[in-house]
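Here is the structure we will look at.
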Amino acid sequence: MSAGEETLHSPPGVPLSLRGPAPIRVVAGFGFWLFLLSDIIAFAALFATYAVLCHSTAGGPTGPELFDKPRVFLETMCLLASSVTCGFGSIAIFRNDARAMYFWMGITFLLGVCFLNMEGREFASMMAIGAGPSHSAFLSAFFTLVGTHGLHVSVGLIWLIVMLLQVATLGFKPMVIRRFYCFGLFWHALDIVWIGVFTIVYLGANSGHAG
Amino acid sequence: MQVEAQGHAPGVDPHEQHNARGYLIGLGYALALTIASFWAASTPFVYTPAVPVLLAALAIAQMGVHLAFFLHISSAPDQANNFLALAFGLFVSGLIIFGSLMIMAHLNHHMMPMDQLMQMQR
């Protein structure tokens, strides 16, 4: 059991109303899960916008002309690997193993930076040929959707640095573990959103139905 | 296995959290599905109009893999709250995406052709 876990087991026969409050860890985790779901709903609105506008290129470049699939594959691999190393990091936290935690979370951070670097270069190369967000409705929707995801990744990286500093100064206190574990949820949820991005934006763009 | 009184927070699987096996299994599935997606998008072997459906199926499968192996969401009795919240989130997301697409497709369909519109404005 981790340091932060308060075990409030009740016998099965006790009615729900008499069981007392849930442990703070469960409450915090559930609350953060609700936040993540509302974030995913916000992304759903951006996905809907993109899906509606993706053929309105206003005579400008279309998706298949702009997107570089091997790079997107590398970005995907970066995020997937960082999700797994983040999982290994949280295992290290549950084991109270600070060195393993720094190692795995450090790799998570580096993979996140790699991802952002590739995405930044993609945006820069698109702007350089005049395909910026102001060129067409398709490009506005693209930059909003992919940019929002990138912004989330940046926020996640800042959060990760803050968490590493908190571990360095406070150690594995229950509240630090709780926050770290919310960070893990956030990072995994971003990877789920990225599945939608690469499927709908980068791969779906190639398939047939021109509008 | 005892059901905890107040349920579990998402991401915490008390029986799995001490080993890396779950994450590695998830990684294997996710890798296979990702590679299949990129393959399906550029292969001539799949009937072209079927590609979007195949991509959607692969993406949904991969989201399921991430939820199960990385976020440790399951339909276990002590996860009822998390699972219901997830179901509601997916329901609202589906309404937003498919509702927007349907409404915009209808508007497009019923809009007067652009040349007629221009003539009326003269």
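Residue numbering restarts at 1 for every chain of the structure tokens, chains are lettered A, B, ... in their displayed order, and ligands are numbered from 1 as they appear.
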Which residues of chain A are close to chain B, meaning at most 6 Å apart when you count only C-alpha atoms, and how do they look as a list in words? His9, Ser10, Ala22, Val26, Gly29, Phe30, Leu37, Ile41, Ala44, Ala48, Ile91, Ile192 and Leu203 of chain A
Residues from the last selection, C-alpha atoms, saved as a short mmCIF file (atom, residue, chain, number, x, y, z; two decimals), in the first residue's frame:
data_model
loop_
_atom_site.label_atom_id
_atom_site.label_comp_id
_atom_site.auth_asym_id
_atom_site.auth_seq_id
_atom_site.Cartn_x
_atom_site.Cartn_y
_atom_site.Cartn_z
CA HIS A 9 -12.97 -0.66 4.45
CA SER A 10 -16.51 -1.18 5.67
CA ALA A 22 -14.74 8.42 1.08
CA VAL A 26 -10.72 8.68 -3.95
CA GLY A 29 -9.09 11.22 -8.10
CA PHE A 30 -12.76 11.16 -8.99
CA LEU A 37 -13.93 14.12 -19.04
CA ILE A 41 -15.82 17.12 -24.19
CA ALA A 44 -14.95 16.87 -28.88
CA ALA A 48 -16.49 18.49 -34.54
CA ILE A 91 4.80 2.31 -10.06
CA ILE A 192 -6.07 9.24 -25.72
CA LEU A 203 -4.89 9.74 -41.39
#
Quick check, in Å to one decimal: how far apart do atom CA of A:Ser154 and atom CA of A:Ile24 lie?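 Separation between atom CA of A:Ser154 and atom CA of A:Ile24: 27.9 Å.
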Test item: residues at most 7 Å from A:Thr85, only C-alpha atoms, excluding those fewer than 2 positions along its chain, as a ChimeraX atom specification: /A:81-83,87-89,104-105,107-108
List the spatial neighbours of A:Trp194 as a PDB file with C-alpha atoms, in the first residue's frame - criterion: any atom at most 12 Å away, only C-alpha atoms, same-chain residues fewer than 4 positions off excluded.
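Once everything was written out, this is out03.pdb:
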ATOM      1  CA  ILE A  40     -12.385  15.623 -23.476  1.00  0.00           C
ATOM      2  CA  PHE A  43     -11.845  18.512 -27.402  1.00  0.00           C
ATOM      3  CA  PHE A  47     -12.966  17.719 -33.336  1.00  0.00           C
ATOM      4  CA  VAL A  72       3.296  12.021 -37.250  1.00  0.00           C
ATOM      5  CA  PHE A  73       4.163   8.373 -36.626  1.00  0.00           C
ATOM      6  CA  GLU A  75       5.192  11.948 -32.664  1.00  0.00           C
ATOM      7  CA  THR A  76       2.704   9.180 -31.878  1.00  0.00           C
ATOM      8  CA  MET A  77       5.494   6.870 -30.737  1.00  0.00           C
ATOM      9  CA  CYS A  78       6.895   9.622 -28.486  1.00  0.00           C
ATOM     10  CA  LEU A  79       3.561  10.128 -26.765  1.00  0.00           C
ATOM     11  CA  LEU A  80       2.858   6.412 -26.446  1.00  0.00           C
ATOM     12  CA  SER A  83       2.590   7.280 -21.418  1.00  0.00           C
ATOM     13  CA  PHE A 115       6.896  15.576 -29.235  1.00  0.00           C
ATOM     14  CA  LEU A 145      -7.349  21.462 -32.546  1.00  0.00           C
ATOM     15  CA  VAL A 146      -3.713  20.366 -32.765  1.00  0.00           C
ATOM     16  CA  GLY A 147      -2.509  23.549 -31.048  1.00  0.00           C
ATOM     17  CA  THR A 148      -4.855  22.999 -28.100  1.00  0.00           C
ATOM     18  CA  HIS A 149      -3.510  19.493 -27.699  1.00  0.00           C
ATOM     19  CA  GLY A 150       0.047  20.814 -27.872  1.00  0.00           C
ATOM     20  CA  HIS A 152      -2.115  20.718 -22.986  1.00  0.00           C
ATOM     21  CA  VAL A 153       1.146  18.819 -23.433  1.00  0.00           C
ATOM     22  CA  TRP A 187      -0.865  12.544 -19.222  1.00  0.00           C
ATOM     23  CA  HIS A 188      -2.650   9.318 -20.168  1.00  0.00           C
ATOM     24  CA  ALA A 189      -5.792  11.265 -21.130  1.00  0.00           C
ATOM     25  CA  LEU A 190      -3.708  13.474 -23.470  1.00  0.00           C
ATOM     26  CA  PHE A 198      -3.794  11.305 -35.630  1.00  0.00           C
ATOM     27  CA  THR A 199      -6.749   9.220 -36.792  1.00  0.00           C
ATOM     28  CA  ILE A 200      -9.078  12.064 -37.778  1.00  0.00           C
ATOM     29  CA  VAL A 201      -6.638  14.803 -38.763  1.00  0.00           C
ATOM     30  CA  TYR A 202      -3.563  13.079 -40.124  1.00  0.00           C
TER      31      TYR A 202
ATOM     32  CA  THR B  34      -1.147   2.316 -34.105  1.00  0.00           C
ATOM     33  CA  ALA B  59      -8.896   4.217 -32.974  1.00  0.00           C
ATOM     34  CA  GLN B  62      -6.835   1.800 -29.039  1.00  0.00           C
ATOM     35  CA  MET B  63      -8.720   4.260 -26.825  1.00  0.00           C
ATOM     36  CA  HIS B  66      -5.432   3.046 -23.105  1.00  0.00           C
TER      37      HIS B  66
END
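What separates atom CA of A:Thr169 from atom CA of A:Arg95 is a distance of 18.5 Å.
Relative to atom CA of A:Ala131, atom CA of A:Gly60 is found at 7.6 Å.
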Which of stretch 21-68 of chain A end up as alpha helix (DSSP H) when DSSP is run on this backbone - answer as a ChimeraX atom specification? /A:24-53,63-66
Pick from A:Ala137, A:Ile93, A:Val176, A:Met118, whichever lies nearest to A:Thr62 using only C-alpha atoms: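 Closest candidate: A:Ala137.
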Pick from A:Phe180, A:Leu165, A:Phe143, A:Met175, whichever lies nearest to A:Cys54 using only C-alpha atoms: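 Of A:Phe180, A:Leu165, A:Phe143, A:Met175, the one nearest A:Cys54 is A:Phe143, counting only C-alpha atoms.
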I'd like the contact shell of A:Phe172 - 12 Å cut-off, only C-alpha atoms, skipping same-chain residues fewer than 2 positions apart - returned as a ChimeraX atom specification. /A:2-4,90,92-98,101,163-170,174-181
Keeping only C-alpha atoms, write the selected residues as a short mmCIF file (atom, residue, chain, number, x, y, z; two decimals), in the first residue's frame.
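result.cif, freshly written:
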data_model
loop_
_atom_site.label_atom_id
_atom_site.label_comp_id
_atom_site.auth_asym_id
_atom_site.auth_seq_id
_atom_site.Cartn_x
_atom_site.Cartn_y
_atom_site.Cartn_z
CA SER A 2 1.21 3.47 -0.71
CA ALA A 3 1.90 6.02 1.96
CA GLY A 4 -1.05 8.17 0.99
CA SER A 90 3.89 5.92 -10.90
CA ALA A 92 8.08 3.65 -8.67
CA ILE A 93 6.11 6.16 -6.57
CA PHE A 94 3.93 3.39 -5.14
CA ARG A 95 7.14 1.58 -4.24
CA ASN A 96 8.60 4.72 -2.64
CA ASP A 97 11.57 4.44 -4.97
CA ALA A 98 12.64 8.04 -5.61
CA MET A 101 10.76 7.74 -10.17
CA MET A 163 5.80 17.75 -9.24
CA LEU A 164 9.47 16.73 -9.44
CA LEU A 165 10.38 19.84 -7.44
CA GLN A 166 7.72 18.99 -4.87
CA VAL A 167 9.08 15.49 -4.49
CA ALA A 168 12.58 16.92 -4.15
CA THR A 169 11.55 19.35 -1.40
CA LEU A 170 8.62 17.61 0.35
CA PRO A 174 0.38 11.86 0.74
CA MET A 175 -0.63 15.13 -0.92
CA VAL A 176 2.35 15.02 -3.28
CA ILE A 177 1.53 11.44 -4.24
CA ARG A 178 -2.08 12.45 -4.81
CA ARG A 179 -1.07 15.28 -7.13
CA PHE A 180 1.41 13.11 -8.96
CA TYR A 181 -1.26 10.57 -9.54
#
